[in-house]
file work17.txt (compact mmCIF, C-alpha atoms)
# COMPACT_ATOMS: atom_id res chain seq x y z
CA MET N 1 -0.34 -6.41 24.78
CA GLN N 2 1.71 -5.99 21.61
CA LYS N 3 4.96 -4.12 22.32
CA ASP N 4 6.30 -3.96 18.77
CA ARG N 5 5.52 -5.37 15.35
CA THR N 6 8.45 -7.73 14.80
CA SER N 7 6.15 -10.69 15.47
CA GLU N 8 3.87 -9.80 12.54
CA TRP N 9 3.38 -12.47 9.90
CA PHE N 10 4.94 -10.34 7.15
CA VAL N 11 8.18 -9.78 9.09
CA PRO N 12 10.99 -12.24 8.16
CA LYS N 13 11.79 -14.86 10.80
CA PHE N 14 15.45 -14.91 9.80
CA GLY N 15 18.33 -12.44 9.83
CA SER N 16 19.29 -9.77 12.33
CA ARG N 17 16.69 -7.70 14.15
CA ASN N 18 17.59 -4.62 12.10
CA PHE N 19 17.18 -6.56 8.87
CA ARG N 20 13.81 -7.94 9.98
CA ILE N 21 12.60 -4.46 10.92
CA SER N 22 13.85 -2.94 7.67
CA VAL N 23 11.86 -5.48 5.66
CA GLY N 24 8.88 -5.53 8.00
CA ILE N 25 8.28 -1.80 7.85
CA LEU N 26 7.61 -2.14 4.11
CA PHE N 27 4.56 -4.35 4.78
CA LEU N 28 5.49 -6.16 1.57
CA PRO N 29 2.26 -8.18 1.07
CA TYR N 30 0.15 -5.01 1.43
CA THR N 31 2.55 -3.04 -0.74
CA GLY N 32 2.41 -5.79 -3.34
CA MET N 33 -1.37 -5.56 -3.27
CA VAL N 34 -1.30 -1.85 -4.13
CA VAL N 35 1.30 -2.38 -6.85
CA SER N 36 -1.01 -5.07 -8.23
CA PHE N 37 -3.90 -2.62 -8.31
CA ALA N 38 -1.77 -0.24 -10.37
CA ALA N 39 -1.06 -3.15 -12.71
CA TRP N 40 -4.80 -3.86 -12.93
CA GLY N 41 -5.28 -0.32 -14.20
CA SER N 42 -2.65 -0.92 -16.87
CA PHE N 43 -4.39 -4.15 -17.87
CA THR N 44 -7.54 -2.17 -18.76
CA ALA N 45 -5.57 -0.44 -21.52
CA ASP N 46 -3.33 -1.62 -24.32
CA PHE N 47 -0.34 -1.61 -22.01
CA SER N 48 3.38 -1.49 -22.61
CA THR N 49 5.65 -3.41 -20.27
CA ASP N 50 7.97 -0.49 -19.54
CA ARG N 51 5.07 1.66 -18.33
CA LEU N 52 3.67 -1.24 -16.31
CA VAL N 53 7.02 -1.56 -14.56
CA ALA N 54 7.22 2.21 -14.11
CA ILE N 55 3.85 2.52 -12.38
CA GLY N 56 4.70 -0.49 -10.22
CA VAL N 57 7.99 1.05 -9.10
CA LEU N 58 6.25 4.41 -8.55
CA TYR N 59 3.69 2.90 -6.17
CA PHE N 60 6.28 0.77 -4.44
CA LEU N 61 8.28 3.90 -3.67
CA ALA N 62 5.36 6.21 -2.88
CA LEU N 63 3.11 3.93 -0.85
CA GLY N 64 5.27 0.93 -0.07
CA VAL N 65 8.20 2.92 1.27
CA THR N 66 7.12 6.52 1.86
CA ALA N 67 3.63 5.87 3.24
CA HIS N 68 4.78 3.20 5.68
CA CYS N 69 7.70 5.30 6.91
CA LEU N 70 5.41 8.30 7.41
CA ASP N 71 2.91 6.05 9.16
CA SER N 72 5.57 5.09 11.68
CA ILE N 73 6.36 8.76 12.25
CA GLY N 74 2.72 9.75 12.63
CA SER N 75 1.65 7.01 15.02
CA LYS N 76 2.96 6.09 18.46
CA THR N 77 1.48 2.61 18.28
CA LYS N 78 3.78 1.20 15.58
CA PRO N 79 7.31 1.16 17.03
CA TRP N 80 10.02 -0.13 14.72
CA GLY N 81 13.07 -0.09 16.95
CA PHE N 82 16.27 1.36 15.53
CA LEU N 83 14.59 3.49 12.85
CA SER N 84 14.51 7.02 14.27
CA LYS N 85 12.09 9.67 13.04
CA ARG N 86 14.98 11.43 11.30
CA LYS N 87 15.92 8.27 9.40
CA LEU N 88 12.32 7.56 8.54
CA MET N 89 11.77 11.07 7.21
CA ALA N 90 14.95 10.96 5.13
CA ILE N 91 13.96 7.62 3.60
CA SER N 92 10.44 8.94 2.96
CA LEU N 93 11.61 12.04 1.12
CA LEU N 94 14.18 10.17 -0.99
CA SER N 95 11.66 7.53 -1.95
CA LEU N 96 8.95 10.08 -2.70
CA GLY N 97 11.40 12.04 -4.84
CA GLY N 98 11.97 8.93 -6.95
CA ALA N 99 8.23 8.39 -7.32
CA PHE N 100 7.71 12.02 -8.35
CA ALA N 101 10.49 11.75 -10.93
CA ILE N 102 8.83 8.74 -12.57
CA GLY N 103 5.36 10.26 -12.47
CA LEU N 104 6.39 13.63 -13.84
CA HIS N 105 8.40 12.03 -16.62
CA TYR N 106 5.36 10.25 -18.01
CA ALA N 107 2.99 13.10 -17.16
CA PHE N 108 4.95 15.55 -19.30
CA LEU N 109 5.66 12.93 -21.94
CA ASP N 110 2.06 12.10 -22.83
CA SER N 111 0.06 11.24 -19.70
CA PRO N 112 -0.95 14.52 -17.98
CA LEU N 113 -3.84 12.77 -16.23
CA LEU N 114 -1.19 11.46 -13.82
CA ILE N 115 -0.84 14.99 -12.40
CA PRO N 116 -4.26 15.30 -10.70
CA ILE N 117 -4.03 11.68 -9.57
CA GLY N 118 -0.57 12.39 -8.15
CA ILE N 119 -1.79 15.51 -6.34
CA LEU N 120 -4.59 13.55 -4.68
CA GLU N 121 -2.29 10.67 -3.76
CA SER N 122 0.27 13.10 -2.29
CA PHE N 123 -2.37 14.81 -0.17
CA PHE N 124 -3.68 11.53 1.20
CA LEU N 125 -0.13 10.26 1.66
CA PHE N 126 0.64 12.94 4.23
CA ALA N 127 -2.85 13.57 5.61
CA TYR N 128 -3.56 9.90 6.27
CA ASN N 129 -0.19 8.62 7.43
CA LEU N 130 0.85 11.64 9.53
CA GLU N 131 -2.71 11.96 10.82
CA LEU N 132 -2.84 15.64 9.88
CA PHE N 133 -5.92 17.84 10.38
CA LYS N 134 -6.54 16.11 13.72
CA GLY N 135 -6.69 12.76 11.99
CA ARG N 136 -9.73 13.72 9.93
CA PHE N 137 -8.42 11.84 6.90
CA HIS N 138 -7.09 8.86 8.83
CA ASN N 139 -10.10 6.70 8.05
CA ASN N 140 -11.25 3.77 5.96
CA LEU N 141 -12.59 5.89 3.10
CA THR N 142 -9.24 7.64 2.58
CA PHE N 143 -7.48 4.28 2.64
CA VAL N 144 -9.86 2.80 0.08
CA VAL N 145 -9.45 5.74 -2.27
CA SER N 146 -5.67 6.14 -1.99
CA TRP N 147 -4.71 2.46 -1.76
CA GLY N 148 -7.42 0.93 -3.94
CA VAL N 149 -9.12 3.26 -6.40
CA LEU N 150 -6.41 5.76 -7.35
CA PRO N 151 -3.70 3.15 -8.10
CA VAL N 152 -6.01 1.59 -10.69
CA PHE N 153 -6.69 5.00 -12.22
CA ALA N 154 -2.97 5.74 -12.30
CA GLY N 155 -2.22 2.43 -14.00
CA SER N 156 -4.67 3.26 -16.76
CA ALA N 157 -3.54 6.89 -17.01
CA ILE N 158 0.13 6.05 -17.54
CA GLN N 159 -0.81 3.72 -20.41
CA SER N 160 -3.54 5.62 -22.22
CA ASN N 161 -4.03 8.95 -20.41
CA SER N 162 -7.66 7.95 -19.91
CA ILE N 163 -10.02 6.23 -17.52
CA SER N 164 -12.47 3.88 -19.18
CA PHE N 165 -15.64 2.31 -17.83
CA GLU N 166 -13.67 -0.93 -17.44
CA THR N 167 -11.09 0.95 -15.37
CA ILE N 168 -13.83 2.27 -13.08
CA MET N 169 -15.25 -1.24 -12.64
CA VAL N 170 -11.83 -2.63 -11.79
CA ALA N 171 -11.23 0.28 -9.40
CA GLY N 172 -14.45 -0.64 -7.62
CA ILE N 173 -13.20 -4.18 -7.07
CA ALA N 174 -9.84 -2.88 -5.84
CA GLY N 175 -11.64 -0.48 -3.51
CA ALA N 176 -13.74 -3.31 -2.06
CA LEU N 177 -10.64 -5.43 -1.45
CA SER N 178 -8.90 -2.46 0.16
CA TYR N 179 -11.90 -1.97 2.44
CA LEU N 180 -11.75 -5.63 3.45
CA LEU N 181 -8.04 -5.29 4.15
CA ILE N 182 -8.21 -2.15 6.27
CA THR N 183 -11.24 -3.18 8.33
CA THR N 184 -9.74 -6.59 9.00
CA SER N 185 -6.37 -5.01 9.81
CA ARG N 186 -7.90 -2.67 12.38
CA LYS N 187 -9.72 -5.54 14.10
CA TYR N 188 -6.59 -7.66 13.94
CA LYS N 189 -4.42 -5.00 15.62
CA GLU N 190 -7.05 -4.37 18.27
CA LEU N 191 -7.21 -8.07 19.09
CA LYS N 192 -3.42 -8.28 19.33
CA ARG N 193 -3.38 -5.35 21.77
CA GLN N 194 -6.20 -6.50 24.01
CA SER N 195 -6.84 -10.20 23.56
CA SER N 196 -5.03 -13.42 24.24
CA ASP N 197 -7.48 -15.43 22.13
CA TYR N 198 -5.07 -16.79 19.53
CA SER N 199 -7.82 -18.39 17.42
CA LYS N 200 -9.55 -15.03 16.81
CA ILE N 201 -6.26 -13.34 16.01
CA ARG N 202 -5.27 -16.14 13.66
CA ARG N 203 -8.56 -15.94 11.75
CA LYS N 204 -8.01 -12.25 11.07
CA GLU N 205 -4.41 -12.93 10.12
CA ILE N 206 -5.49 -15.56 7.60
CA THR N 207 -7.93 -13.10 6.04
CA LEU N 208 -5.13 -10.54 5.66
CA GLN N 209 -2.81 -13.14 4.15
CA PHE N 210 -5.42 -14.51 1.77
CA THR N 211 -6.50 -11.05 0.60
CA SER N 212 -3.07 -9.51 0.01
CA ILE N 213 -1.21 -12.55 -1.30
CA GLY N 214 -4.24 -13.66 -3.31
CA VAL N 215 -4.32 -10.34 -5.18
CA ILE N 216 -0.61 -10.59 -5.94
CA VAL N 217 -0.86 -14.19 -7.18
CA ILE N 218 -3.87 -13.41 -9.40
CA THR N 219 -2.02 -10.43 -10.89
CA VAL N 220 1.11 -12.42 -11.65
CA CYS N 221 -0.89 -15.30 -13.14
CA TYR N 222 -2.87 -12.93 -15.36
CA LEU N 223 0.32 -11.30 -16.59
CA ILE N 224 1.89 -14.67 -17.37
CA VAL N 225 -1.19 -15.93 -19.21
CA ARG N 226 -1.51 -12.72 -21.19
CA HIS N 227 2.06 -13.06 -22.42
CA LEU N 228 1.84 -16.75 -23.34

call {"tool": "encode", "arguments": {"input": "work17.txt", "output": "structure tokens"}}
result
Amino acid sequence: MQKDRTSEWFVPKFGSRNFRISVGILFLPYTGMVVSFAAWGSFTADFSTDRLVAIGVLYFLALGVTAHCLDSIGSKTKPWGFLSKRKLMAISLLSLGGAFAIGLHYAFLDSPLLIPIGILESFFLFAYNLELFKGRFHNNLTFVVSWGVLPVFAGSAIQSNSISFETIMVAGIAGALSYLLITTSRKYKELKRQSSDYSKIRRKEITLQFTSIGVIVITVCYLIVRHL
């Protein structure tokens, strides 16, 4: 039975335990996948690099940091050692404040479409990760929408304040990949809790690695090629 998550594949194998936990709680490959989806949204418009960076930082702070810290607060099955609920909440609020500052800046500048997207993301951020409303929104659909579809919409909105047909198509692909990630992740965690069959666990782990890292690599390669 899994006692903590320091043995996860995305947790560094070097450094002190506190360092490894601090990095591990960010779920960097999964966070990078969401940041990539936001970049995909920007790619569907005539994007500027500063706004691409801005939406990437926004999602890193909002979902990469805040969501994962809130997730640790809301669930008893994801212990992260020295990080108390008070520390996690403080980090969450500071990070979310930074994300709000970026989003509101561009929303009031010329991209008001970010406001309804931000409201939806904020609702899902707390409802999903803190398992509010008796966990009614802690499900695959909420994950797909908040971690797959909306980041693409936000990436397009910050660039052009619009959502094109191409953006919707790309959001569908991101949603499908998010669904693959979350369903595989749930099976993976269940196997780690109940099974000693390493081969089954490893197969799920490879799927998670291939999906998340693959999305990041494709995004970086596209960006490089586009700027050649």

call {"tool": "residues_around", "arguments": {"input": "work17.txt", "residues": "His105 (chain N)", "least_positions_apart": "6", "cutoff": "12 Å", "atoms": "all atoms listed in the file", "output": "PyMOL selection string"}}
result
chain N and resi 51+54-55+58+98-99+111-112+114-115+158

call {"tool": "residues_near_point", "arguments": {"input": "work17.txt", "point": "(-2.3, 14.7, 7.2)", "cutoff": "12 Å", "atoms": "only C-alpha atoms", "output": "list in words"}}
result
Ala67, Leu70, Asp71, Ile73, Gly74, Ser75, Glu121, Ser122, Phe123, Phe124, Leu125, Phe126, Ala127, Tyr128, Asn129, Leu130, Glu131, Leu132, Phe133, Lys134, Gly135, Arg136, Phe137, His138, Asn139 and Thr142 of chain N

call {"tool": "closest_residue", "arguments": {"input": "work17.txt", "among": "N:Met33, N:Thr184, N:Thr167, N:Val11", "to": "Ser212 (chain N)", "atoms": "all atoms listed in the file"}}
result
N:Met33

call {"tool": "closest_residue", "arguments": {"input": "work17.txt", "among": "N:Ala39, N:Ala174, N:Ile21, N:Leu26", "to": "Val220 (chain N)", "atoms": "all atoms listed in the file"}}
result
N:Ala39

call {"tool": "residues_near_point", "arguments": {"input": "work17.txt", "point": "(7.5, 11.3, -5.2)", "cutoff": "10 Å", "atoms": "only C-alpha atoms", "output": "ChimeraX atom specification"}}
result
/N:58-59,61-63,66,92-104,118,121-122

call {"tool": "closest_residue", "arguments": {"input": "work17.txt", "among": "N:Ser42, N:Ser72, N:Thr211, N:Ser164", "to": "Met89 (chain N)", "atoms": "only C-alpha atoms"}}
result
N:Ser72

call {"tool": "atom_distance", "arguments": {"input": "work17.txt", "atom1": "CA of Tyr30 (chain N)", "atom2": "CA of Phe10 (chain N)"}}
result
9.2 Å

call {"tool": "atom_distance", "arguments": {"input": "work17.txt", "atom1": "CA of Ala171 (chain N)", "atom2": "CA of Val152 (chain N)"}}
result
5.5 Å

call {"tool": "closest_residue", "arguments": {"input": "work17.txt", "among": "N:Phe14, N:Phe37, N:Phe165, N:Tyr106", "to": "Gly148 (chain N)", "atoms": "all atoms listed in the file"}}
result
N:Phe37

call {"tool": "atom_distance", "arguments": {"input": "work17.txt", "atom1": "CA of Lys189 (chain N)", "atom2": "CA of Ala38 (chain N)"}}
result
26.6 Å

call {"tool": "closest_residue", "arguments": {"input": "work17.txt", "among": "N:Val53, N:Val215, N:Leu28, N:Ala107", "to": "Ser160 (chain N)", "atoms": "only C-alpha atoms"}}
result
N:Ala107

call {"tool": "residues_around", "arguments": {"input": "work17.txt", "residues": "Ile216 (chain N)", "least_positions_apart": "2", "cutoff": "8 Å", "atoms": "all atoms listed in the file", "output": "PyMOL selection string"}}
result
chain N and resi 29+32-33+36+212-214+218-220

call {"tool": "axis_aligned_box", "arguments": {"input": "work17.txt", "around": "region 62-73 of chain N", "padding_each_side": "4 Å", "output": "AutoDock Vina command-line options"}}
result
--center_x 5.6 --center_y 4.8 --center_z 4.7 --size_x 13.3 --size_y 15.8 --size_z 23.1

call {"tool": "residues_around", "arguments": {"input": "work17.txt", "residues": "Leu83 (chain N)", "least_positions_apart": "2", "cutoff": "10 Å", "atoms": "all atoms listed in the file", "output": "list in words"}}
result
Asn18, Ile21, Ser22, Ile25, Cys69, Ser72, Ile73, Pro79, Trp80, Gly81, Lys85, Arg86, Lys87, Leu88 and Met89 of chain N
